[in-house]
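Worksheet: one structure, shown below.
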Amino acid sequence: MEALMHIGFRVYSDSINPSSRFRSWKSPSILMEGRRTNLTCIRAQQNGALTATSDSLVEELKCKEWEIGVLKEEIAATQGIRIRRQPPTGPPLHYVGPFEFRLQNEGNTPRNILEEIVWNKDTEVTQMKEQFPISSLKKALENAPPPRDFLGALKASYLRTGLPALIAEVKKASPSRGVLREDFHPVEVAQAYEKGGAACLSVLTDAKYFQGSFENLEAIRNAGVKCPLLCKEFVVDAWQLYYARTKGADGVLLIAAVLSDLDIKYMLKICKMIGLTAIVEVHDENEMDRMLAIDGIELLGINNRNLETFEVDISNTKKLLEGKRGETIRQKDILVVGESGLFTPADIAYVQEAGVKAILVGESIVKQKDPTKGIRDLFGKDILG
Ligand SMILES: O=P(O)(O)OC[C@@H](O)[C@@H](O)c1c[nH]c2ccccc12
């Protein structure tokens, strides 16, 4: 590694257009990345690219964009975030020596399913952004169905029933469980949930891993379902927030395992601006502590499923609400949503006892022939009041 660091230093200090940012970085891997960026820029320049052609400008912009990406990953890592937002290859190499070849391919396989989903989402969003630039989405916001009060609906339901308010999930399939409902009609499922007393609905919009879609979200909204709708997505870019809102979403999920503190703060601001309610999702103590240090979070989901391993354990909700953390949550008046792996009235009682005032449930109710009855079975009683 020592030798590699030297190469890193030498090349960057030789470079025609050295990026000063790399100079202060100590991480050898980042120095390697820095060298790669500079090589790309040097080659662009050698080709006469940096003179005037638009190709060169694009090239340079790509370099910059990529530098920023690397910096973001570094910051995320310091916050204990293991999920990398993109494969760590950077721009294509113009010079491929034996070392570079090895380094470029190393780590290019996602380390777990969450990382795979996030990498795919990143590519998907990049393509969608070209089709629907943010400027067009901002215009489309004016004609979007008005946002409804997601948090208010949860609070009202809890007050009315004395039981955790239900966010019922319209979910055809998942990577961990496969297809949950073969004969899947999203609008019918949504209406059945509403009839059963759900306070809000969650609609999966990821197509590749959950067989969901934005068409489903739109169709449910247009069918006149009154429950506020959560767009259940893997948000990696603020563009997705605007897109979700134009499709009729009232809420979105922000996953702390994927997003850095700064991303969360930035996205919370945008949510507020465009009328979306955010559920910030945590899975472990580190994510919980990070989120408790951020102001403005009103709704916090505790996922009982580890999205990296699929392991489900409902005692996770209890563990994260014990002691000081629970106290802080009460002080900040944050409403907690218990998420995943809830099947029986005993499960509901257990998470309620732990301190949740809302639950997010998919599998146990979407699998039932009649989802309205599924809700009754889940609570062990009618929750319509
Ligand atoms: O089907 P379940 O075990 O009841 O879980 C629902 C919901 O909690 C789960 O779908 C979920 C929670 N957080 C997520 C993030 C992404 C995708 C899915 C999820």
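Scheme for the structure tokens: letters A, B, ... for chains in order shown; per-chain residue numbers from 1; ligand numbers from 1 in order shown.
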
List all protein, DNA and RNA residues that have any atom at most 10 Å from ligand 1, counting only C-alpha atoms and all ligand atoms, and write the list as a PyMOL selection string.
chain A and resi 114+117+167-177+180+202-206+209-210+232-235+253-255+279-283+301-307+310+312+337-343+359-367

Let me make sure I understand: among A:Pro88, A:Gly80, A:Gly251, A:Gly355, which one has the smallest atom-to-atom distance to Ile329 in chain A if we use only C-alpha atoms?
A:Gly355

Taking into account only C-alpha atoms, which residue in the set A:Lys369, A:Lys138, A:Lys72, A:Arg85 is nearest to Trp239 in chain A?
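With only C-alpha atoms as the atom set, the closest residue is A:Lys138.
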
Would you please extract all strand (DSSP E or B) residues from range 62-256 of chain A, as assigned by DSSP on the backbone, and give them as a count of residues only?
24

For Leu141 in chain A, list every protein, DNA or RNA residue within 9 Å, evaluated using only C-alpha atoms, and leave out those in the same chain fewer than 4 positions away; present the list as a VMD selection string.
chain A and resid 136 to 137 145 242 to 243 245 to 246 274

Quick one: everything within 9 Å of range 225-230 of chain A, counting only C-alpha atoms, minus sequence neighbours fewer than 5 positions away in the same chain. Send it as a ChimeraX atom specification.
/A:147-151,153,167,169,187,190-191,194,198-204,217,220,248-253,277-279
